[in-house]
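Single-structure report; data block below.
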Amino acid sequence: MISTRTGRLRLLSITILVAGVIFLPGCSKDITNVNESTLEPTSYAEMDLPTFLEAEMQKRMKQYHVPGAAIAVIHQGHLAWSRGFGYANVKKKIKVDEKTIFQVASNSKSVNSWGILKLVEQGKLELDKPVDRYLTRWHIPESSFNMEEVTICRLLSHTAGLSLHGYPGYPKGRKIPTLEESLSGKNSAEQKVELIYEPGTQYQYSGGGYTLLQLVVEEVTKRNYSDYMKSEILNPLGMDDSLFALHSEEVSNLAVGYNQSKKAYPTISYRELAAAGLHTNVVDFAKFVAALVDDKIEKQPAGRNILSKESLGRMFTPVLNNYGLGFGVISGSDDELITHSGSNIGYQSTYYINRTSGDGVVILTNSDSGGAMFQEVIQQIGQWEFDNQSDYHFGFDLVQ
């Protein structure tokens, strides 16, 4: 049961990103023409969760000018409900549904961490070993800092001291650099990956560090990064429609990205797949998020026999700035939320899952305004929980 709350939740303000639902037959009635008056209930207790979310999502999308979005609810580690809203392509009137693909931007980092920890479990990588010992195709430039202190663990936790926060990406028609060229500065950010702080001394968000991890995967496995992640992580999780795609214009059913004025962007791709290149739909990504915890309904373990609980525990242990190995961690006396967000041009996404209860939410949008929208939705879900006696326990009172 939900624990009793004593006050309203405050608006979420956590951000861990550069640059996240489930389909239940019978819960996807068309409410396109909902009357505005129905969107302001006198009490959230008047609505069950799907009905509340259908109204809330439409309201907030209109408020923040978001063309398309999808949301999933996870209950006790199990995919419980999902729904798409609005348009994947406004001009062509293509609606968002459970198969619509979104770029999830920096949420790619969380999935990448599974790929890295899989190699650790196989004995092919060591978290605390200098990354340079795995490299032959490219090396971190010499600096006054100790390169031997740049480890896999520190790259995953953004404490390796590396530069380059994130990438604008490559619009259709622009030449995409090689991985080595990107690392050397011939990328959309026009910055090279280099040591700018003493490793291990501070949290410095670095998409560049995750691009280096992408190279590590290719060096160790002798495989293309996208192929490795597809066969070892995505397919075993049942994420059959998902891929780390180099050429976004070739991805079927991809939602168009829009700015805050609902103007379409050209299709933008990313060489830096581990940092920003995962393309997925609401059902698939919710499977990943659910796999972070035990499925108490189907009796499946956290990690879904792909990763051990020990590896998950290591990933969920904060290093600095409440960030573990590819995951943000928000801890309270009774609950622990695992989270991340993502922001590519034209796409915003987020996920939260309560490690204690196994309840969580994933939201994907195709708009630069999506972040403001899903912050509002998360707050209102918390208020719905406060007002209802149900067996959901999201723990969003920790999100401040």
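Ordering of the structure tokens sets the chain letters (A, B, ...); residue numbers start at 1 within each chain; ligands are numbered from 1 in the order shown.
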Distance query A:Leu398 at most 7 Å, only C-alpha atoms, self and fewer than 2 positions along chain excluded, as a PDB file with N, CA and C atoms, in the first residue's frame:
ATOM      1  N   ILE A 330      18.542   8.553  -6.203  1.00  0.00           N
ATOM      2  CA  ILE A 330      17.946   9.437  -5.200  1.00  0.00           C
ATOM      3  C   ILE A 330      17.502   8.571  -4.033  1.00  0.00           C
ATOM      4  N   GLY A 332      16.232   7.847   0.016  1.00  0.00           N
ATOM      5  CA  GLY A 332      15.540   8.327   1.195  1.00  0.00           C
ATOM      6  C   GLY A 332      15.622   7.272   2.272  1.00  0.00           C
ATOM      7  N   GLY A 395       7.187   6.894  -4.833  1.00  0.00           N
ATOM      8  CA  GLY A 395       8.207   7.550  -4.030  1.00  0.00           C
ATOM      9  C   GLY A 395       8.641   8.893  -4.567  1.00  0.00           C
ATOM     10  N   PHE A 396       7.776   9.564  -5.313  1.00  0.00           N
ATOM     11  CA  PHE A 396       8.166  10.832  -5.927  1.00  0.00           C
ATOM     12  C   PHE A 396       8.305  11.976  -4.927  1.00  0.00           C
ATOM     13  N   GLN A 400      12.815  16.374  -5.689  1.00  0.00           N
ATOM     14  CA  GLN A 400      12.626  17.747  -5.228  1.00  0.00           C
ATOM     15  C   GLN A 400      13.350  18.718  -6.158  1.00  0.00           C
TER      16      GLN A 400
END
>> Taking the DSSP secondary structure from the backbone, can you list the residues of stretch 216-350 of chain A that are helix (DSSP H, G or I), as a PyMOL selection string?
In response: chain A and resi 216-221+225-234+248-250+273-276+282-290+309-315
Stretch 351-366 of chain A environment, 8 Å, only C-alpha atoms, sequence neighbours closer than 6 positions dropped, as a PDB file with N, CA and C atoms, in the first residue's frame:
ATOM      1  N   GLY A  20      11.446   7.672 -21.528  1.00  0.00           N
ATOM      2  CA  GLY A  20      11.965   7.212 -21.554  1.00  0.00           C
ATOM      3  C   GLY A  20      10.713   6.613 -21.903  1.00  0.00           C
ATOM      4  N   VAL A  21       5.720   2.919 -23.572  1.00  0.00           N
ATOM      5  CA  VAL A  21       5.763   3.073 -22.361  1.00  0.00           C
ATOM      6  C   VAL A  21       5.162   1.819 -22.536  1.00  0.00           C
ATOM      7  N   VAL A  66       3.792  20.382 -26.918  1.00  0.00           N
ATOM      8  CA  VAL A  66       4.494  19.139 -27.262  1.00  0.00           C
ATOM      9  C   VAL A  66       3.657  18.364 -28.277  1.00  0.00           C
ATOM     10  N   PRO A  67       4.149  18.129 -29.490  1.00  0.00           N
ATOM     11  CA  PRO A  67       3.350  17.440 -30.509  1.00  0.00           C
ATOM     12  C   PRO A  67       3.045  15.985 -30.178  1.00  0.00           C
ATOM     13  N   GLY A  68       4.039  15.244 -29.650  1.00  0.00           N
ATOM     14  CA  GLY A  68       3.837  13.821 -29.419  1.00  0.00           C
ATOM     15  C   GLY A  68       4.554  13.322 -28.187  1.00  0.00           C
ATOM     16  N   ALA A  69       3.985  12.321 -27.532  1.00  0.00           N
ATOM     17  CA  ALA A  69       4.589  11.758 -26.324  1.00  0.00           C
ATOM     18  C   ALA A  69       4.044  10.356 -26.078  1.00  0.00           C
ATOM     19  N   ALA A  70       4.768   9.610 -25.278  1.00  0.00           N
ATOM     20  CA  ALA A  70       4.310   8.292 -24.835  1.00  0.00           C
ATOM     21  C   ALA A  70       4.718   8.110 -23.387  1.00  0.00           C
ATOM     22  N   ILE A  71       3.882   7.415 -22.636  1.00  0.00           N
ATOM     23  CA  ILE A  71       4.152   7.194 -21.217  1.00  0.00           C
ATOM     24  C   ILE A  71       3.892   5.740 -20.866  1.00  0.00           C
ATOM     25  N   ALA A  72       4.708   5.192 -19.990  1.00  0.00           N
ATOM     26  CA  ALA A  72       4.509   3.841 -19.485  1.00  0.00           C
ATOM     27  C   ALA A  72       4.545   3.843 -17.973  1.00  0.00           C
ATOM     28  N   VAL A  73       3.763   2.959 -17.387  1.00  0.00           N
ATOM     29  CA  VAL A  73       3.762   2.742 -15.944  1.00  0.00           C
ATOM     30  C   VAL A  73       4.265   1.332 -15.665  1.00  0.00           C
ATOM     31  N   ILE A  74       5.203   1.231 -14.742  1.00  0.00           N
ATOM     32  CA  ILE A  74       5.744  -0.057 -14.299  1.00  0.00           C
ATOM     33  C   ILE A  74       5.246  -0.291 -12.884  1.00  0.00           C
ATOM     34  N   HIS A  75       4.730  -1.479 -12.625  1.00  0.00           N
ATOM     35  CA  HIS A  75       4.205  -1.805 -11.301  1.00  0.00           C
ATOM     36  C   HIS A  75       4.828  -3.099 -10.807  1.00  0.00           C
ATOM     37  N   GLN A  76       5.495  -3.025  -9.668  1.00  0.00           N
ATOM     38  CA  GLN A  76       6.171  -4.167  -9.062  1.00  0.00           C
ATOM     39  C   GLN A  76       7.148  -4.823 -10.053  1.00  0.00           C
ATOM     40  N   GLY A  77       7.846  -3.989 -10.807  1.00  0.00           N
ATOM     41  CA  GLY A  77       8.845  -4.474 -11.750  1.00  0.00           C
ATOM     42  C   GLY A  77       8.279  -5.071 -13.009  1.00  0.00           C
ATOM     43  N   HIS A  78       6.996  -4.787 -13.311  1.00  0.00           N
ATOM     44  CA  HIS A  78       6.320  -5.408 -14.446  1.00  0.00           C
ATOM     45  C   HIS A  78       5.636  -4.334 -15.287  1.00  0.00           C
ATOM     46  N   ALA A  88       3.427  11.786 -34.088  1.00  0.00           N
ATOM     47  CA  ALA A  88       4.824  11.523 -34.414  1.00  0.00           C
ATOM     48  C   ALA A  88       5.265  12.378 -35.587  1.00  0.00           C
ATOM     49  N   PHE A 102      11.508   6.826 -30.682  1.00  0.00           N
ATOM     50  CA  PHE A 102      12.058   8.107 -30.260  1.00  0.00           C
ATOM     51  C   PHE A 102      13.566   7.972 -30.066  1.00  0.00           C
ATOM     52  N   VAL A 104      16.260   8.596 -27.423  1.00  0.00           N
ATOM     53  CA  VAL A 104      16.206   8.812 -25.971  1.00  0.00           C
ATOM     54  C   VAL A 104      17.479   9.448 -25.433  1.00  0.00           C
ATOM     55  N   ALA A 255       9.723   9.133 -34.790  1.00  0.00           N
ATOM     56  CA  ALA A 255       8.995  10.379 -34.626  1.00  0.00           C
ATOM     57  C   ALA A 255       9.857  11.551 -35.072  1.00  0.00           C
ATOM     58  N   VAL A 256       9.242  12.519 -35.692  1.00  0.00           N
ATOM     59  CA  VAL A 256       9.934  13.754 -36.060  1.00  0.00           C
ATOM     60  C   VAL A 256      10.173  14.572 -34.794  1.00  0.00           C
ATOM     61  N   GLY A 257      11.343  15.191 -34.687  1.00  0.00           N
ATOM     62  CA  GLY A 257      11.644  16.059 -33.566  1.00  0.00           C
ATOM     63  C   GLY A 257      11.219  17.492 -33.847  1.00  0.00           C
ATOM     64  N   TYR A 258      10.707  18.187 -32.831  1.00  0.00           N
ATOM     65  CA  TYR A 258      10.192  19.552 -32.991  1.00  0.00           C
ATOM     66  C   TYR A 258      10.788  20.491 -31.945  1.00  0.00           C
ATOM     67  N   VAL A 282       8.265   3.082 -26.576  1.00  0.00           N
ATOM     68  CA  VAL A 282       7.857   3.112 -25.189  1.00  0.00           C
ATOM     69  C   VAL A 282       7.816   1.726 -24.556  1.00  0.00           C
ATOM     70  N   PHE A 285      11.624   0.441 -24.136  1.00  0.00           N
ATOM     71  CA  PHE A 285      12.422   1.102 -23.105  1.00  0.00           C
ATOM     72  C   PHE A 285      11.885   0.825 -21.712  1.00  0.00           C
ATOM     73  N   ALA A 286      10.580   0.668 -21.592  1.00  0.00           N
ATOM     74  CA  ALA A 286      10.008   0.302 -20.303  1.00  0.00           C
ATOM     75  C   ALA A 286      10.466  -1.087 -19.869  1.00  0.00           C
ATOM     76  N   VAL A 289      13.815  -0.468 -18.214  1.00  0.00           N
ATOM     77  CA  VAL A 289      13.676   0.145 -16.900  1.00  0.00           C
ATOM     78  C   VAL A 289      13.127  -0.858 -15.888  1.00  0.00           C
ATOM     79  N   ALA A 290      12.144  -1.654 -16.303  1.00  0.00           N
ATOM     80  CA  ALA A 290      11.586  -2.676 -15.404  1.00  0.00           C
ATOM     81  C   ALA A 290      12.640  -3.692 -14.998  1.00  0.00           C
ATOM     82  N   LEU A 292      15.556  -3.258 -14.180  1.00  0.00           N
ATOM     83  CA  LEU A 292      16.439  -2.768 -13.130  1.00  0.00           C
ATOM     84  C   LEU A 292      16.048  -3.293 -11.761  1.00  0.00           C
ATOM     85  N   VAL A 293      14.821  -3.821 -11.639  1.00  0.00           N
ATOM     86  CA  VAL A 293      14.323  -4.318 -10.359  1.00  0.00           C
ATOM     87  C   VAL A 293      13.693  -5.698 -10.554  1.00  0.00           C
ATOM     88  N   ASP A 294      13.411  -6.394  -9.461  1.00  0.00           N
ATOM     89  CA  ASP A 294      12.720  -7.686  -9.527  1.00  0.00           C
ATOM     90  C   ASP A 294      11.324  -7.507 -10.099  1.00  0.00           C
ATOM     91  N   ASP A 295      10.925  -8.423 -10.988  1.00  0.00           N
ATOM     92  CA  ASP A 295       9.542  -8.497 -11.439  1.00  0.00           C
ATOM     93  C   ASP A 295       8.801  -9.386 -10.447  1.00  0.00           C
ATOM     94  N   ASP A 334      13.326   5.192   3.270  1.00  0.00           N
ATOM     95  CA  ASP A 334      12.636   3.942   2.927  1.00  0.00           C
ATOM     96  C   ASP A 334      12.697   3.599   1.443  1.00  0.00           C
ATOM     97  N   ASP A 335      13.012   4.562   0.595  1.00  0.00           N
ATOM     98  CA  ASP A 335      12.963   4.365  -0.845  1.00  0.00           C
ATOM     99  C   ASP A 335      14.281   4.755  -1.502  1.00  0.00           C
ATOM    100  N   GLU A 336      14.500   4.161  -2.681  1.00  0.00           N
ATOM    101  CA  GLU A 336      15.633   4.547  -3.518  1.00  0.00           C
ATOM    102  C   GLU A 336      15.152   4.592  -4.963  1.00  0.00           C
ATOM    103  N   LEU A 337      15.243   5.765  -5.580  1.00  0.00           N
ATOM    104  CA  LEU A 337      14.824   5.934  -6.961  1.00  0.00           C
ATOM    105  C   LEU A 337      16.032   5.888  -7.884  1.00  0.00           C
ATOM    106  N   ILE A 338      15.906   5.123  -8.973  1.00  0.00           N
ATOM    107  CA  ILE A 338      16.910   5.077 -10.017  1.00  0.00           C
ATOM    108  C   ILE A 338      16.361   5.874 -11.196  1.00  0.00           C
ATOM    109  N   THR A 339      17.187   6.741 -11.771  1.00  0.00           N
ATOM    110  CA  THR A 339      16.665   7.677 -12.753  1.00  0.00           C
ATOM    111  C   THR A 339      17.723   8.127 -13.747  1.00  0.00           C
ATOM    112  N   HIS A 340      17.273   8.653 -14.853  1.00  0.00           N
ATOM    113  CA  HIS A 340      18.120   9.359 -15.820  1.00  0.00           C
ATOM    114  C   HIS A 340      17.188  10.128 -16.739  1.00  0.00           C
ATOM    115  N   SER A 341      17.739  11.092 -17.423  1.00  0.00           N
ATOM    116  CA  SER A 341      16.983  11.839 -18.414  1.00  0.00           C
ATOM    117  C   SER A 341      17.821  12.001 -19.661  1.00  0.00           C
ATOM    118  N   PHE A 374       7.287  16.801 -18.816  1.00  0.00           N
ATOM    119  CA  PHE A 374       7.323  15.596 -17.988  1.00  0.00           C
ATOM    120  C   PHE A 374       7.663  15.902 -16.530  1.00  0.00           C
ATOM    121  N   TYR A 392       0.188   1.305  -5.640  1.00  0.00           N
ATOM    122  CA  TYR A 392       1.339   1.944  -6.263  1.00  0.00           C
ATOM    123  C   TYR A 392       2.126   2.731  -5.216  1.00  0.00           C
ATOM    124  N   HIS A 393       3.438   2.676  -5.330  1.00  0.00           N
ATOM    125  CA  HIS A 393       4.279   3.516  -4.483  1.00  0.00           C
ATOM    126  C   HIS A 393       5.476   3.977  -5.310  1.00  0.00           C
ATOM    127  N   PHE A 394       5.326   5.142  -5.930  1.00  0.00           N
ATOM    128  CA  PHE A 394       6.396   5.675  -6.776  1.00  0.00           C
ATOM    129  C   PHE A 394       7.511   6.314  -5.970  1.00  0.00           C
ATOM    130  N   GLY A 395       7.187   6.894  -4.833  1.00  0.00           N
ATOM    131  CA  GLY A 395       8.207   7.550  -4.030  1.00  0.00           C
ATOM    132  C   GLY A 395       8.641   8.893  -4.567  1.00  0.00           C
TER     133      GLY A 395
END
Tell me, counting only C-alpha atoms, for each residue of stretch 182-220 of chain A within 12 Å of stretch 304-325 of chain A, which pair of atoms is nearest and how far apart they are in Å to one decimal, in rows ordered by chain and increasing number, as a Markdown table.
| residue | atom | partner | partner_atom | distance |
| --- | --- | --- | --- | --- |
| A:Gly200 | CA | A:Leu320 | CA | 9.1 |
| A:Thr201 | CA | A:Leu320 | CA | 9.1 |
| A:Gln202 | CA | A:Leu320 | CA | 7.1 |
| A:Tyr203 | CA | A:Leu320 | CA | 5.9 |
| A:Gln204 | CA | A:Asn321 | CA | 9.5 |
| A:Tyr205 | CA | A:Tyr323 | CA | 10.0 |
| A:Tyr210 | CA | A:Leu325 | CA | 11.0 |
> Quick one: of A:Leu243, A:Val251, A:Ala105, A:Val193, who's nearest to A:Thr280, counting only C-alpha atoms?
Replying inline: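 Closest to A:Thr280, using only C-alpha atoms: A:Leu243.
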> Nearest to A:Ile345 among A:Lys109, A:Lys263, A:Arg133, A:Lys296, with distances taken over only C-alpha atoms: which residue is it?
Replying inline: A:Lys263
> Which is closest to A:Trp138 among A:Leu125, A:Leu213, A:Ile116, A:Leu164, if we use only C-alpha atoms?
Replying inline: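 Of the candidates, the smallest distance to A:Trp138 is held by A:Leu213.
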>> Please extract the residues of stretch 21-211 of chain A with a backbone DSSP assignment of strand (DSSP E) and present them as a PyMOL selection string.
In response: chain A and resi 68-75+78-89+94-95+102-103+170-171
